[in-house]
>>> print(open('my_file_16.csv').read())   # CSV, C-alpha atoms
chain,number,residue,atom,x,y,z
A,450,MET,CA,-15.3,-4.7,23.0
A,451,TYR,CA,-14.7,-8.4,22.5
A,452,PRO,CA,-14.8,-10.3,19.2
A,453,ALA,CA,-17.8,-12.4,18.3
A,454,ARG,CA,-17.2,-16.1,18.8
A,455,ILE,CA,-14.4,-17.5,16.6
A,456,GLU,CA,-14.9,-21.2,16.2
A,457,GLN,CA,-11.7,-22.2,14.5
A,458,TYR,CA,-8.1,-21.0,14.4
A,459,VAL,CA,-5.7,-22.5,11.8
A,460,ARG,CA,-2.0,-21.8,11.5
A,461,PRO,CA,-0.8,-23.4,8.3
A,462,GLN,CA,2.9,-23.9,7.3
A,463,SER,CA,2.4,-23.4,3.5
A,464,ILE,CA,0.4,-21.5,1.0
A,465,ALA,CA,-1.3,-24.8,-0.1
A,466,GLU,CA,-2.4,-25.5,3.5
A,467,ALA,CA,-3.7,-21.9,3.9
A,468,LEU,CA,-5.7,-22.1,0.7
A,469,ALA,CA,-7.1,-25.6,1.6
A,470,ALA,CA,-8.2,-24.2,5.0
A,471,ILE,CA,-10.0,-21.2,3.6
A,472,SER,CA,-11.7,-23.3,0.9
A,473,GLN,CA,-13.6,-25.3,3.6
A,474,TYR,CA,-15.8,-22.2,4.2
A,475,GLU,CA,-18.3,-20.1,2.3
A,476,ALA,CA,-17.3,-16.6,1.2
A,477,GLY,CA,-16.9,-14.3,4.2
A,478,GLU,CA,-17.0,-17.1,6.8
A,479,ALA,CA,-13.2,-17.4,7.1
A,480,MET,CA,-10.4,-14.8,6.7
A,481,PHE,CA,-6.6,-14.7,6.4
A,482,LEU,CA,-4.8,-12.9,9.2
A,483,ALA,CA,-1.5,-11.2,8.3
A,484,GLY,CA,0.0,-8.9,10.9
A,485,GLY,CA,-3.4,-8.3,12.4
A,486,GLN,CA,-2.8,-4.6,13.2
A,487,SER,CA,-6.0,-3.5,11.5
A,488,ALA,CA,-8.0,-6.8,11.4
A,489,MET,CA,-7.9,-7.4,15.1
A,490,GLN,CA,-9.3,-3.9,15.8
A,491,ALA,CA,-12.1,-4.7,13.3
A,492,MET,CA,-12.8,-8.0,14.9
A,493,LYS,CA,-13.0,-6.4,18.4
A,494,SER,CA,-15.5,-3.9,17.1
A,495,ARG,CA,-17.4,-6.8,15.4
A,496,MET,CA,-17.0,-5.0,12.0
A,497,LEU,CA,-15.5,-8.4,11.0
A,498,GLN,CA,-17.0,-11.6,12.5
A,499,PRO,CA,-15.2,-14.6,10.9
A,500,GLN,CA,-16.0,-18.2,11.9
A,501,CYS,CA,-12.4,-19.2,11.2
A,502,ILE,CA,-9.1,-17.3,11.2
A,503,VAL,CA,-6.3,-18.6,9.0
A,504,ASP,CA,-3.1,-17.2,10.5
A,505,LEU,CA,-0.3,-16.7,7.9
A,506,GLN,CA,2.6,-15.8,10.1
A,507,ASP,CA,4.3,-19.3,9.9
A,508,ILE,CA,4.4,-19.4,6.0
A,509,ALA,CA,8.0,-18.7,5.2
A,510,GLU,CA,7.4,-18.6,1.4
A,511,LEU,CA,5.3,-15.4,1.9
A,512,THR,CA,8.2,-13.4,3.4
A,513,GLY,CA,11.2,-11.7,1.9
A,514,ILE,CA,12.4,-9.1,-0.6
A,515,HIS,CA,14.4,-10.1,-3.7
A,516,GLN,CA,15.2,-8.9,-7.1
A,517,ASP,CA,15.7,-11.0,-10.2
A,518,ALA,CA,15.5,-10.7,-14.0
A,519,SER,CA,11.7,-10.1,-13.8
A,520,GLY,CA,12.0,-7.3,-11.3
A,521,LEU,CA,11.4,-6.6,-7.6
A,522,HIS,CA,9.4,-9.0,-5.4
A,523,ILE,CA,8.1,-8.4,-1.9
A,524,GLY,CA,6.4,-11.3,-0.2
A,525,ALA,CA,2.9,-10.5,1.2
A,526,MET,CA,4.0,-11.3,4.8
A,527,THR,CA,7.1,-9.1,4.7
A,528,ARG,CA,6.9,-6.7,7.6
A,529,TYR,CA,7.2,-2.9,7.4
A,530,VAL,CA,10.4,-2.8,9.4
A,531,ASP,CA,12.1,-5.1,6.8
A,532,ILE,CA,10.9,-3.0,3.9
A,533,ALA,CA,12.0,0.2,5.5
A,534,ALA,CA,15.5,-1.2,6.1
A,535,SER,CA,15.9,-2.9,2.7
A,536,THR,CA,18.7,-1.9,0.4
A,537,THR,CA,17.2,-4.0,-2.5
A,538,LEU,CA,14.5,-1.5,-3.5
A,539,GLY,CA,16.9,1.0,-5.1
A,540,ASN,CA,15.9,4.6,-6.1
A,541,ALA,CA,13.2,3.5,-8.5
A,542,TYR,CA,11.1,1.9,-5.7
A,543,ALA,CA,12.4,3.9,-2.7
A,544,ALA,CA,8.9,5.2,-2.1
A,545,MET,CA,8.0,1.8,-0.6
A,546,SER,CA,10.8,2.2,1.9
A,547,ASP,CA,9.7,5.8,2.6
A,548,ALA,CA,6.1,4.6,3.3
A,549,ALA,CA,7.0,1.6,5.4
A,550,ALA,CA,9.4,3.7,7.6
A,551,HIS,CA,6.5,5.8,8.9
A,552,VAL,CA,3.5,3.4,9.1
A,553,GLY,CA,2.1,3.6,12.6
A,554,ASP,CA,4.4,3.3,15.5
A,555,ARG,CA,7.3,1.0,16.2
A,556,GLN,CA,5.1,-1.8,17.4
A,557,VAL,CA,2.9,-1.6,14.3
A,558,ARG,CA,6.0,-1.6,12.0
A,559,ASN,CA,7.4,-4.7,13.7
A,560,ARG,CA,4.1,-6.6,13.2
A,561,GLY,CA,2.3,-5.1,10.3
A,562,THR,CA,2.8,-6.5,6.7
A,563,ILE,CA,2.6,-5.1,3.2
A,564,GLY,CA,0.0,-7.8,2.3
A,565,GLY,CA,-2.3,-7.0,5.2
A,566,SER,CA,-2.2,-3.3,4.4
A,567,VAL,CA,-2.9,-3.5,0.7
A,568,CYS,CA,-5.7,-6.1,1.1
A,569,TRP,CA,-7.3,-4.1,3.9
A,570,ASN,CA,-7.0,-0.9,1.8
A,571,TYR,CA,-7.9,1.5,4.5
A,572,VAL,CA,-9.0,5.0,3.4
A,573,ALA,CA,-6.0,6.7,5.0
A,574,SER,CA,-3.1,4.3,4.6
A,575,CYS,CA,0.5,4.8,3.3
A,576,THR,CA,1.2,1.4,1.7
A,577,PRO,CA,-1.6,1.2,-0.8
A,578,ALA,CA,-0.8,4.7,-2.1
A,579,ALA,CA,2.9,3.8,-2.4
A,580,VAL,CA,2.1,0.6,-4.3
A,581,LEU,CA,-0.3,2.5,-6.6
A,582,GLY,CA,2.1,5.3,-7.2
A,583,THR,CA,5.0,3.0,-8.1
A,584,GLY,CA,2.9,0.8,-10.4
A,585,GLY,CA,3.0,-2.4,-8.3
A,586,ILE,CA,1.4,-5.7,-9.5
A,587,LEU,CA,-0.5,-7.9,-7.0
A,588,VAL,CA,0.0,-11.6,-7.4
A,589,LEU,CA,-3.0,-13.7,-6.2
A,590,GLN,CA,-3.4,-17.4,-5.9
A,591,ALA,CA,-6.6,-19.4,-5.5
A,592,ALA,CA,-7.3,-22.8,-3.9
A,593,ASP,CA,-7.7,-24.4,-7.3
A,594,GLY,CA,-4.2,-23.4,-8.2
A,595,THR,CA,-5.1,-20.6,-10.5
A,596,GLU,CA,-3.0,-17.4,-10.3
A,597,ARG,CA,-3.9,-13.9,-11.2
A,598,GLU,CA,-1.7,-10.8,-11.6
A,599,ILE,CA,-3.6,-7.5,-11.2
A,600,ASN,CA,-2.1,-4.1,-11.7
A,601,ALA,CA,-2.5,-1.7,-8.8
A,602,ASP,CA,-4.7,0.5,-10.9
A,603,ASP,CA,-7.3,-2.3,-11.1
A,604,PHE,CA,-6.7,-3.8,-7.6
A,605,PHE,CA,-7.7,-0.9,-5.4
A,606,LEU,CA,-11.4,-0.3,-6.0
A,607,GLY,CA,-12.2,2.0,-3.0
A,608,PRO,CA,-11.9,2.2,0.7
A,609,LEU,CA,-11.8,-1.3,2.2
A,610,GLU,CA,-12.5,-2.8,-1.2
A,611,THR,CA,-10.1,-4.6,-3.6
A,612,ALA,CA,-10.3,-6.9,-6.5
A,613,LYS,CA,-9.1,-9.9,-4.4
A,614,ASN,CA,-11.7,-12.7,-4.0
A,615,ASP,CA,-12.3,-14.3,-0.6
A,616,ASP,CA,-10.8,-17.6,-1.7
A,617,GLU,CA,-7.6,-15.9,-3.0
A,618,LEU,CA,-4.4,-15.3,-1.1
A,619,LEU,CA,-2.1,-12.4,-1.9
A,620,ARG,CA,1.3,-14.1,-2.5
A,621,GLU,CA,3.5,-11.1,-3.3
A,622,VAL,CA,3.6,-7.6,-4.7
A,623,ARG,CA,6.0,-7.3,-7.6
A,624,TRP,CA,7.3,-4.5,-9.8
A,625,PRO,CA,8.9,-4.9,-13.3
A,626,GLU,CA,12.5,-4.0,-13.7
A,627,ALA,CA,12.6,-0.3,-13.6
A,628,PRO,CA,14.0,1.8,-16.6
A,629,ALA,CA,17.4,3.4,-16.0
A,630,GLN,CA,17.2,6.8,-14.3
A,631,SER,CA,14.0,6.1,-12.3
A,632,GLY,CA,13.2,7.4,-8.8
A,633,SER,CA,10.3,7.5,-6.5
A,634,SER,CA,9.4,9.1,-3.1
A,635,TYR,CA,6.6,9.1,-0.6
A,636,LYS,CA,5.7,11.4,2.3
A,637,LYS,CA,2.7,11.8,4.6
A,638,TRP,CA,1.5,14.5,7.0
A,639,GLY,CA,-0.4,13.5,10.1
A,640,LEU,CA,-1.3,15.2,13.3
A,641,ILE,CA,1.6,13.5,15.0
A,642,THR,CA,4.6,11.6,13.5
A,643,ASP,CA,3.0,8.1,13.8
A,644,ALA,CA,-0.5,9.2,12.8
A,645,LEU,CA,-2.4,8.0,9.8
A,646,PRO,CA,-1.9,10.3,6.8
A,647,VAL,CA,-4.1,13.3,6.6
A,648,ILE,CA,-2.6,13.5,3.2
A,649,GLY,CA,0.1,11.3,1.7
A,650,VAL,CA,1.7,11.8,-1.7
A,651,CYS,CA,3.7,9.3,-3.8
A,652,VAL,CA,5.6,10.3,-7.0
A,653,ALA,CA,7.5,8.0,-9.3
A,654,VAL,CA,9.4,9.4,-12.4
A,655,THR,CA,11.8,8.3,-15.1
A,656,VAL,CA,14.0,10.9,-16.9
A,657,ASP,CA,15.6,10.7,-20.3
A,658,ALA,CA,19.1,11.4,-21.4
A,659,GLN,CA,18.4,15.2,-21.4
A,660,GLY,CA,17.1,15.0,-17.8
A,661,ASN,CA,13.4,15.6,-18.8
A,662,CYS,CA,10.6,13.5,-17.4
A,663,SER,CA,9.6,10.7,-19.8
A,664,ALA,CA,7.2,8.9,-17.4
A,665,ALA,CA,5.4,9.9,-14.2
A,666,ARG,CA,3.0,8.4,-11.7
A,667,VAL,CA,1.4,10.3,-8.8
A,668,SER,CA,-0.9,8.9,-6.1
A,669,LEU,CA,-2.6,10.3,-3.0
A,670,SER,CA,-3.7,8.9,0.3
A,671,GLY,CA,-6.0,10.5,3.0
A,672,LEU,CA,-8.9,11.4,0.7
A,673,ALA,CA,-12.4,10.2,1.3
A,674,ASN,CA,-12.3,7.9,-1.8
A,675,GLY,CA,-9.1,6.3,-0.6
A,676,CYS,CA,-5.8,5.9,-2.6
A,677,GLN,CA,-6.1,7.4,-6.1
A,678,ARG,CA,-4.0,8.5,-9.0
A,679,GLY,CA,-3.2,12.1,-9.6
A,680,ALA,CA,-3.7,12.4,-13.4
A,681,ALA,CA,-3.5,16.2,-13.4
A,682,ALA,CA,0.0,16.2,-11.8
A,683,GLU,CA,1.2,13.3,-14.0
A,684,ALA,CA,0.2,15.3,-17.2
A,685,LEU,CA,2.2,18.3,-16.2
A,686,LEU,CA,5.3,16.4,-14.9
A,687,GLN,CA,5.7,14.4,-18.2
A,688,GLY,CA,8.0,16.3,-20.5
A,689,SER,CA,9.0,18.8,-17.9
A,690,ALA,CA,12.5,19.4,-16.6
A,691,GLY,CA,11.4,18.3,-13.2
A,692,ASP,CA,12.6,21.6,-11.6
A,693,GLN,CA,10.9,23.3,-8.6
A,694,ASN,CA,8.6,25.4,-10.8
A,695,ALA,CA,7.4,22.3,-12.7
A,696,CYS,CA,6.8,20.4,-9.5
A,697,GLU,CA,4.9,23.2,-7.9
A,698,ALA,CA,2.7,23.7,-11.0
A,699,ALA,CA,1.9,20.0,-11.2
A,700,MET,CA,0.9,19.9,-7.5
A,701,GLN,CA,-1.1,23.1,-7.8
A,702,ALA,CA,-3.1,21.5,-10.6
A,703,LEU,CA,-3.5,18.3,-8.6
A,704,SER,CA,-4.8,20.1,-5.5
A,705,THR,CA,-7.6,21.7,-7.5
A,706,SER,CA,-8.5,18.6,-9.5
A,707,VAL,CA,-9.2,16.2,-6.6
A,708,GLU,CA,-12.1,16.3,-4.2
A,709,THR,CA,-10.9,17.0,-0.6
A,710,HIS,CA,-13.0,16.8,2.5
A,711,ALA,CA,-13.2,18.2,6.0
A,712,ASP,CA,-13.0,16.2,9.2
A,713,MET,CA,-11.6,16.5,12.7
A,714,SER,CA,-8.0,16.3,11.4
A,715,ALA,CA,-8.2,19.0,8.7
A,716,ASP,CA,-10.5,21.0,6.5
A,717,ALA,CA,-10.7,20.7,2.7
A,718,ASP,CA,-8.5,23.8,2.1
A,719,PHE,CA,-5.8,22.6,4.4
A,720,ARG,CA,-5.7,19.2,2.6
A,721,ARG,CA,-5.3,21.0,-0.7
A,722,GLN,CA,-2.4,23.0,0.8
A,723,LEU,CA,-0.8,19.8,2.0
A,724,ILE,CA,-1.1,18.3,-1.5
A,725,ARG,CA,0.8,21.4,-2.8
A,726,THR,CA,3.5,21.6,-0.2
A,727,ILE,CA,4.2,17.9,0.4
A,728,GLY,CA,3.6,17.0,-3.2
A,729,SER,CA,6.2,19.5,-4.5
A,730,GLU,CA,8.8,18.2,-2.0
A,731,VAL,CA,8.1,14.6,-2.9
A,732,ALA,CA,8.3,15.3,-6.6
A,733,MET,CA,11.7,17.0,-6.2
A,734,THR,CA,13.0,14.0,-4.2
A,735,ALA,CA,11.8,11.6,-6.8
A,736,PHE,CA,13.6,13.5,-9.6
A,737,ALA,CA,16.8,13.8,-7.5
A,738,ARG,CA,16.7,10.0,-7.0
A,739,ALA,CA,16.1,9.4,-10.7
A,740,ARG,CA,19.2,11.5,-11.6
A,741,ALA,CA,21.4,10.0,-8.9
>>> encode(input="my_file_16.csv", output="C-alpha cells")
Amino acid sequence: MYPARIEQYVRPQSIAEALAAISQYEAGEAMFLAGGQSAMQAMKSRMLQPQCIVDLQDIAELTGIHQDASGLHIGAMTRYVDIAASTTLGNAYAAMSDAAAHVGDRQVRNRGTIGGSVCWNYVASCTPAAVLGTGGILVLQAADGTEREINADDFFLGPLETAKNDDELLREVRWPEAPAQSGSSYKKWGLITDALPVIGVCVAVTVDAQGNCSAARVSLSGLANGCQRGAAAEALLQGSAGDQNACEAAMQALSTSVETHADMSADADFRRQLIRTIGSEVAMTAFARARA
C-alpha cells in the first residue's frame, strides 16, 4: 500500500527547530520520524496518516552515548548498531547492548534508533523491555521549553502507548550511576535469529559484599500486554545467592504469574517454557556480570 497524502516534510537541524515545527499542528496531525523502521510500515498501511513529518536524523544533539557524574546517557537518535558496539555501557547496563545487537536484521540495526523503538513501544520489541528492566529514565522536552523525566515504569503504558505527549520530543534515555557490583543481561527467542521476540527476558541485579542479591529488576517482552515487570521473579531473586537453583526457581514463579497467549508463533505453554529456560540463562549472566 501507499501512504495517505503527506502535505509537509520538515528536516530540522536542532531540537528547538523540531519542536517549533511540531507545534504548528494539532495533536496527531504531525509526527516525529526517527529511524523510520516501524513508522514507515505503519504509514504505508495507513495506520498512521500524518499531515506533516518532522525528520530528526540531522539533529546531532540527539545522538551519542556518554557517561558522566549523573550516570549513563543515550541520545534518542542513537542507532542500534552504535549501542551494540558501545564499550561505555559497562556490565550494569550491558542488557542494552544485548538487546540492540539482535534487533531486526542488519539493515534495521543500521537505521533504527532507541528513541523510535521506545516511543513506538511495539508489543513484541526488545528495546522497551531492556529499558524497563534496567530502570531507564526517559527525558522529554516540549515546545514551551518544559522538560519531564519519566521512569520507565511509568512511561510504558501498554502496546503502542506511552506517557509521551504529541508535542514532546524524547531527547535521551538516561540511567543513574549504577551501584558497584551490578550487572544486567537480555536475551530473546524468535522463530529465526532476526525475528521479533516470541519471548524476551531482561534481568538486572546488584550483589552485596557477600555475593547475595541486594536488588533485582526483571522484565519481559513478547506478551500480549507488551513489556512488563516480572515481580514474582524479582521477589525470589532478592536476597538469594544468585545460583542456578535460585534463578530457576525465580523464573518458574514468573512463568506461572504472567498471562501468556497463543498465536502463530507459539502457544501459551511454550511461552511459559521460554520464560523458564531463557530467563534462567539471562539471570545467571546478569549475576556473573555483577560479580565480574
>>> residues_around(input="my_file_16.csv", residues="region 548-559 of chain A", least_positions_apart="3", cutoff="8 Å", atoms="only C-alpha atoms", output="ChimeraX atom specification")
/A:486,528-530,532-534,544-545,562,575-576,579,635-636,642-645
>>> closest_residue(input="my_file_16.csv", among="A:Cys568, A:Ala735, A:Leu723, A:Val707", to="Gln630 (chain A)", atoms="all atoms listed in the file")
A:Ala735
>>> residues_around(input="my_file_16.csv", residues="Arg721 (chain A)", least_positions_apart="4", cutoff="7 Å", atoms="only C-alpha atoms", output="VMD selection string")
chain A and resid 704 709 717 725
>>> write_last_selection(input="my_file_16.csv", atoms="C-alpha atoms", output="PDB file, in the frame of the given file")
ATOM      1  CA  SER A 704      -4.800  20.100  -5.500  1.00  0.00           C
ATOM      2  CA  THR A 709     -10.900  17.000  -0.600  1.00  0.00           C
ATOM      3  CA  ALA A 717     -10.700  20.700   2.700  1.00  0.00           C
ATOM      4  CA  ARG A 725       0.800  21.400  -2.800  1.00  0.00           C
TER       5      ARG A 725
END
>>> atom_distance(input="my_file_16.csv", atom1="CA of Glu708 (chain A)", atom2="CA of Ala573 (chain A)")
14.6 Å
>>> closest_residue(input="my_file_16.csv", among="A:Ala612, A:Cys651, A:Ala592, A:Ala627", to="Ala518 (chain A)", atoms="all atoms listed in the file")
A:Ala627
>>> residues_around(input="my_file_16.csv", residues="Gly585 (chain A)", least_positions_apart="6", cutoff="7 Å", atoms="only C-alpha atoms", output="list in words")
Asn600, Ala601, Val622, Arg623 and Trp624 of chain A
>>> closest_atom_pairs(input="my_file_16.csv", of="region 611-666 of chain A", to="region 460-476 of chain A", cutoff="10 Å", atoms="only C-alpha atoms", output="JSON lines")
{"residue": "A:Asn614", "atom": "CA", "partner": "A:Ala476", "partner_atom": "CA", "distance": 8.6}
{"residue": "A:Asp615", "atom": "CA", "partner": "A:Ala476", "partner_atom": "CA", "distance": 5.8}
{"residue": "A:Asp616", "atom": "CA", "partner": "A:Ser472", "partner_atom": "CA", "distance": 6.3}
{"residue": "A:Glu617", "atom": "CA", "partner": "A:Leu468", "partner_atom": "CA", "distance": 7.5}
{"residue": "A:Leu618", "atom": "CA", "partner": "A:Leu468", "partner_atom": "CA", "distance": 7.2}
{"residue": "A:Leu619", "atom": "CA", "partner": "A:Ile464", "partner_atom": "CA", "distance": 9.9}
{"residue": "A:Arg620", "atom": "CA", "partner": "A:Ile464", "partner_atom": "CA", "distance": 8.2}
>>> residues_around(input="my_file_16.csv", residues="Glu683 (chain A)", least_positions_apart="5", cutoff="9 Å", atoms="all atoms listed in the file", output="list of chain:residue names")
A:Val652, A:Ala664, A:Ala665, A:Arg666, A:Val667, A:Arg678, A:Ala699, A:Leu703
>>> residues_around(input="my_file_16.csv", residues="Ser634 (chain A)", least_positions_apart="6", cutoff="10 Å", atoms="only C-alpha atoms", output="list in words")
Asn540, Ala541, Tyr542, Ala543, Ala544, Met545, Ser546, Asp547, Ala548, Ala579, Gly582, Thr583, Val650, Cys651, Val652, Ala653, Val654, Val667, Gly728, Glu730, Val731, Ala732, Met733, Thr734, Ala735, Phe736, Ala737 and Arg738 of chain A
>>> residues_near_point(input="my_file_16.csv", point="(13.9, -8.9, -9.8)", cutoff="12 Å", atoms="only C-alpha atoms", output="number ranges by chain")
A: 514-523, 537-539, 542, 622-627
>>> closest_residue(input="my_file_16.csv", among="A:Leu685, A:Ile586, A:Ala509, A:Ala715", to="Phe604 (chain A)", atoms="all atoms listed in the file")
A:Ile586
>>> closest_residue(input="my_file_16.csv", among="A:Ser566, A:Gln490, A:Thr655, A:Thr611", to="Pro628 (chain A)", atoms="all atoms listed in the file")
A:Thr655
>>> atom_distance(input="my_file_16.csv", atom1="CA of Ala658 (chain A)", atom2="CA of Leu581 (chain A)")
26.0 Å
>>> closest_residue(input="my_file_16.csv", among="A:Ala698, A:Leu511, A:Leu482, A:Met713", to="Leu640 (chain A)", atoms="only C-alpha atoms")
A:Met713
>>> decode(input="my_file_16.csv", residues="region 668-678 of chain A", atoms="all heavy atoms", output="short mmCIF file (atom, residue, chain, number, x, y, z; two decimals), in the first residue's frame")
data_model
loop_
_atom_site.label_atom_id
_atom_site.label_comp_id
_atom_site.auth_asym_id
_atom_site.auth_seq_id
_atom_site.Cartn_x
_atom_site.Cartn_y
_atom_site.Cartn_z
N SER A 668 12.20 -7.94 33.49
CA SER A 668 11.15 -7.52 32.57
C SER A 668 11.01 -8.52 31.44
O SER A 668 11.93 -9.29 31.14
CB SER A 668 11.44 -6.13 32.00
OG SER A 668 12.61 -6.14 31.21
N LEU A 669 9.85 -8.48 30.79
CA LEU A 669 9.52 -9.42 29.72
C LEU A 669 9.05 -8.67 28.48
O LEU A 669 8.44 -7.60 28.57
CB LEU A 669 8.40 -10.37 30.16
CG LEU A 669 8.71 -11.35 31.29
CD1 LEU A 669 7.43 -12.03 31.75
CD2 LEU A 669 9.72 -12.39 30.84
N SER A 670 9.29 -9.27 27.33
CA SER A 670 8.73 -8.80 26.07
C SER A 670 8.09 -9.99 25.37
O SER A 670 8.41 -11.14 25.65
CB SER A 670 9.82 -8.19 25.19
OG SER A 670 9.27 -7.74 23.96
N GLY A 671 7.17 -9.70 24.44
CA GLY A 671 6.54 -10.75 23.66
C GLY A 671 5.19 -11.19 24.15
O GLY A 671 4.54 -12.05 23.54
N LEU A 672 4.72 -10.61 25.25
CA LEU A 672 3.40 -10.94 25.78
C LEU A 672 2.35 -9.97 25.23
O LEU A 672 2.67 -8.88 24.76
CB LEU A 672 3.41 -10.91 27.30
CG LEU A 672 4.41 -11.86 27.97
CD1 LEU A 672 4.33 -11.74 29.49
CD2 LEU A 672 4.16 -13.31 27.53
N ALA A 673 1.09 -10.37 25.30
CA ALA A 673 0.02 -9.59 24.69
C ALA A 673 -0.09 -8.19 25.26
O ALA A 673 -0.49 -7.25 24.56
CB ALA A 673 -1.31 -10.33 24.84
N ASN A 674 0.29 -8.02 26.52
CA ASN A 674 0.20 -6.71 27.17
C ASN A 674 1.46 -5.88 26.99
O ASN A 674 1.61 -4.82 27.61
CB ASN A 674 -0.11 -6.87 28.66
CG ASN A 674 -1.50 -7.42 28.90
OD1 ASN A 674 -2.42 -7.17 28.12
ND2 ASN A 674 -1.66 -8.20 29.96
N GLY A 675 2.40 -6.36 26.18
CA GLY A 675 3.62 -5.58 25.93
C GLY A 675 4.65 -5.79 27.02
O GLY A 675 4.54 -6.68 27.87
N CYS A 676 5.68 -4.94 27.01
CA CYS A 676 6.75 -5.09 28.00
C CYS A 676 6.21 -4.86 29.41
O CYS A 676 5.36 -4.00 29.63
CB CYS A 676 7.91 -4.14 27.70
SG CYS A 676 7.56 -2.38 27.88
N GLN A 677 6.68 -5.67 30.34
CA GLN A 677 6.14 -5.61 31.71
C GLN A 677 7.17 -6.15 32.69
O GLN A 677 8.05 -6.94 32.34
CB GLN A 677 4.85 -6.41 31.82
CG GLN A 677 4.97 -7.84 31.36
CD GLN A 677 3.61 -8.50 31.19
OE1 GLN A 677 3.10 -9.14 32.11
NE2 GLN A 677 3.03 -8.34 30.01
N ARG A 678 7.05 -5.69 33.94
CA ARG A 678 7.94 -6.15 35.01
C ARG A 678 7.56 -7.56 35.43
O ARG A 678 6.40 -7.99 35.33
CB ARG A 678 7.84 -5.21 36.21
CG ARG A 678 8.41 -3.82 35.99
CD ARG A 678 9.92 -3.75 36.14
NE ARG A 678 10.37 -4.06 37.49
CZ ARG A 678 10.40 -3.18 38.50
NH1 ARG A 678 10.01 -1.93 38.31
NH2 ARG A 678 10.87 -3.54 39.69
#
